[in-house]
$ cat my_file27.cif   # mmCIF, C-alpha atoms and all ligand atoms
data_work
loop_
_atom_site.label_atom_id
_atom_site.label_comp_id
_atom_site.auth_asym_id
_atom_site.auth_seq_id
_atom_site.Cartn_x
_atom_site.Cartn_y
_atom_site.Cartn_z
CA MET A 140 99.53 -199.99 -79.26
CA ILE A 141 101.64 -203.15 -79.44
CA ARG A 142 104.38 -203.21 -82.00
CA LEU A 143 105.00 -206.58 -83.59
CA ARG A 144 108.65 -206.77 -82.57
CA GLU A 145 107.63 -206.40 -78.92
CA ILE A 146 105.87 -209.77 -79.01
CA ARG A 147 108.37 -212.45 -78.10
CA PRO A 148 106.76 -215.86 -78.71
CA ASP A 149 109.58 -217.63 -76.85
CA ARG A 150 108.92 -215.62 -73.68
CA LEU A 151 105.17 -216.04 -74.04
CA MET A 152 105.52 -219.81 -74.30
CA ARG A 153 107.76 -220.00 -71.22
CA ARG A 154 105.30 -217.90 -69.21
CA LEU A 155 102.33 -220.25 -69.74
CA SER A 156 102.20 -223.68 -68.07
CA PRO A 157 101.37 -226.76 -70.21
CA ALA A 158 97.90 -226.85 -68.59
CA ALA A 159 97.36 -223.22 -69.54
CA TRP A 160 98.43 -223.96 -73.10
CA THR A 161 95.96 -226.84 -73.24
CA ARG A 162 93.19 -224.44 -72.22
CA VAL A 163 94.30 -221.82 -74.78
CA VAL A 164 94.36 -224.38 -77.59
CA GLY A 165 90.96 -225.73 -76.50
CA VAL A 166 89.39 -222.27 -76.52
CA LEU A 167 90.93 -221.49 -79.92
CA ALA A 168 89.57 -224.78 -81.32
CA VAL A 169 86.06 -223.99 -80.06
CA VAL A 170 86.19 -220.46 -81.48
CA ALA A 171 87.56 -221.73 -84.81
CA GLY A 172 84.84 -224.40 -85.03
CA TRP A 173 82.12 -221.91 -84.19
CA GLN A 174 83.44 -219.45 -86.75
CA LEU A 175 83.71 -222.13 -89.40
CA GLY A 176 80.16 -223.32 -88.70
CA GLY A 177 78.84 -219.77 -88.89
CA VAL A 178 80.71 -219.02 -92.07
CA VAL A 179 79.56 -222.20 -93.79
CA LEU A 180 75.93 -221.49 -92.98
CA ALA A 181 76.12 -217.79 -93.80
CA ALA A 182 78.08 -218.40 -96.98
CA GLU A 183 75.75 -221.07 -98.30
CA SER A 184 73.89 -219.69 -101.24
CA LYS A 185 71.95 -221.07 -104.13
CA ALA A 186 71.28 -219.23 -107.37
CA VAL A 187 67.82 -219.37 -108.92
CA VAL A 188 67.47 -217.87 -112.39
CA GLN A 189 64.37 -216.00 -113.55
CA LYS A 190 64.09 -216.63 -117.27
CA ASN A 191 61.14 -216.68 -119.70
CA ARG A 192 58.80 -215.64 -116.88
CA ALA A 193 59.73 -218.73 -114.85
CA PHE A 194 62.15 -219.88 -112.17
CA ASN A 195 64.69 -222.41 -113.44
CA PHE A 196 63.87 -224.67 -110.48
CA LYS A 197 60.48 -225.81 -109.22
CA ARG A 198 61.88 -226.63 -105.78
CA ILE A 199 65.16 -226.14 -103.94
CA THR A 200 66.46 -227.09 -100.50
CA ILE A 201 68.78 -224.93 -98.42
CA ALA A 202 69.93 -224.83 -94.80
CA ALA A 203 68.41 -222.28 -92.43
CA GLY A 204 70.47 -219.10 -92.67
CA GLY A 205 71.24 -219.77 -96.31
CA VAL A 206 70.79 -217.26 -99.09
CA VAL A 207 68.86 -217.65 -102.33
CA GLN A 208 70.18 -215.45 -105.12
CA PHE A 209 67.38 -214.57 -107.51
CA VAL A 210 69.12 -213.75 -110.78
CA ASN A 211 66.98 -211.88 -113.29
CA ASP A 212 68.24 -213.26 -116.61
CA ASP A 213 65.07 -212.23 -118.37
CA GLU A 214 63.95 -209.33 -120.50
CA PHE A 215 61.20 -208.58 -117.99
CA ILE A 216 61.15 -206.99 -114.56
CA HIS A 217 60.56 -209.49 -111.76
CA GLN A 218 60.33 -209.43 -108.01
CA VAL A 219 59.88 -212.12 -105.36
CA TYR A 220 57.71 -212.49 -102.30
CA THR A 221 56.53 -215.10 -99.84
CA GLN A 222 53.82 -215.02 -97.24
CA SER A 223 53.84 -217.38 -94.30
CA PRO A 224 53.22 -217.11 -90.56
CA ASP A 225 56.94 -217.68 -89.87
CA PHE A 226 58.72 -215.66 -92.53
CA ASN A 227 57.78 -212.99 -95.08
CA PHE A 228 59.48 -210.88 -97.67
CA ASP A 229 58.24 -208.80 -100.58
CA THR A 230 61.00 -207.24 -102.64
CA ALA A 231 61.12 -204.20 -104.86
CA GLU A 232 61.10 -204.70 -108.61
CA SER A 233 64.25 -206.32 -109.96
CA PRO A 234 65.25 -205.20 -113.45
CA PRO A 235 66.92 -207.46 -116.04
CA GLY A 236 70.49 -208.22 -115.01
CA ASN A 237 69.81 -207.63 -111.32
CA THR A 238 70.24 -210.16 -108.50
CA LEU A 239 68.19 -210.21 -105.30
CA ASN A 240 69.76 -211.95 -102.30
CA ILE A 241 67.21 -213.28 -99.84
CA THR A 242 68.26 -214.91 -96.57
CA PHE A 243 65.97 -217.66 -95.28
CA PRO A 244 66.52 -217.61 -91.51
CA VAL A 245 63.94 -220.16 -90.36
CA LYS A 246 63.15 -223.75 -91.24
CA GLY A 247 60.03 -224.50 -93.20
CA THR A 248 58.57 -224.77 -96.67
CA PHE A 249 58.01 -221.45 -98.44
CA GLU A 250 56.24 -220.71 -101.70
CA VAL A 251 57.98 -217.91 -103.56
CA HIS A 252 56.02 -215.99 -106.19
CA CYS A 253 56.32 -212.91 -108.38
CA HIS A 254 53.61 -210.22 -108.19
CA ILE A 255 54.17 -209.30 -111.82
CA HIS A 256 53.92 -212.87 -113.16
CA PRO A 257 51.53 -214.79 -110.90
CA LYS A 258 52.31 -218.13 -112.57
CA MET A 259 55.91 -218.01 -111.38
CA GLN A 260 56.34 -220.30 -108.39
CA LEU A 261 59.30 -221.74 -106.49
CA ILE A 262 59.18 -223.93 -103.41
CA VAL A 263 62.06 -223.24 -101.00
CA ASN A 264 62.49 -226.02 -98.49
CA VAL A 265 64.59 -224.74 -95.57
CA ILE A 266 66.01 -227.48 -93.37
CU CU B 1 58.12 -211.97 -112.63
#

$ encode --input "my_file27.cif" --output "structure tokens" --more "lines below"
Ligand SMILES: [Cu+2]
Amino acid sequence: MIRLREIRPDRLMRRLSPAAWTRVVGVLAVVAGWQLGGVVLAAESKAVVQKNRAFNFKRITIAAGGVVQFVNDDEFIHQVYTQSPDFNFDTAESPPGNTLNITFPVKGTFEVHCHIHPKMQLIVNVI
């Protein structure tokens, strides 16, 4: 185990040549950019509210890898499902006050419905 006081930045800097430092900084920049890109995509989420037996949006657009948060702000139980050749989900029942987080990993246009209330429909456009 390395104790913090054993790390001497001044010695470390003297040990690496300028070319080596350029490579280190380049690698760190690539890793930071990759991390940032991953985090932005993974963190992207959009809330859709289920209220009065309807979704509060007819259509939404998210990036692939994004999350749709289905917020049950109704007095009824809901659930959500979609059926397509590329991507399927069919959740358990979601009671009032509950939120279902669904990740949409692939691009496409998906119709989301509720088994309990067949008239509920949301189009999720994943780009
Ligand atoms: Cu419903």

$ atom_distance --input "my_file27.cif" --atom1 "CA of Ile201 (chain A)" --atom2 "CA of Gln218 (chain A)"
20.1 Å

$ closest_residue --input "my_file27.cif" --among "A:Ser233, A:Ser184, A:Gln208, A:Gln222" --to "ligand CU 1 (chain B)" --atoms "only C-alpha atoms and all ligand atoms"
A:Ser233

$ atom_distance --input "my_file27.cif" --atom1 "CA of Phe243 (chain A)" --atom2 "CA of Ala193 (chain A)"
20.6 Å

$ residues_near_ligand --input "my_file27.cif" --ligand "ligand CU 1 (chain B)" --cutoff "7 Å" --atoms "all atoms listed in the file" --output "MDAnalysis selection string"
chainID A and resid 192 216:218 253:256 259

$ closest_residue --input "my_file27.cif" --among "A:Val219, A:Asp212, A:Pro234, A:Val206" --to "Gln260 (chain A)" --atoms "all atoms listed in the file"
A:Val219

$ closest_residue --input "my_file27.cif" --among "A:Val245, A:Ala231, A:Leu261, A:Ile266" --to "Val188 (chain A)" --atoms "all atoms listed in the file"
A:Leu261

$ closest_residue --input "my_file27.cif" --among "A:Asn211, A:Ser223, A:Asn191, A:Thr230" --to "Lys246 (chain A)" --atoms "all atoms listed in the file"
A:Ser223

$ closest_residue --input "my_file27.cif" --among "A:Asn237, A:Gly204, A:Tyr220, A:Arg198" --to "Val263 (chain A)" --atoms "all atoms listed in the file"
A:Arg198

$ closest_residue --input "my_file27.cif" --among "A:His252, A:Glu214, A:Val187, A:Asn195" --to "Leu239 (chain A)" --atoms "all atoms listed in the file"
A:Val187

$ atom_distance --input "my_file27.cif" --atom1 "CA of Pro257 (chain A)" --atom2 "CA of Glu183 (chain A)"
28.0 Å
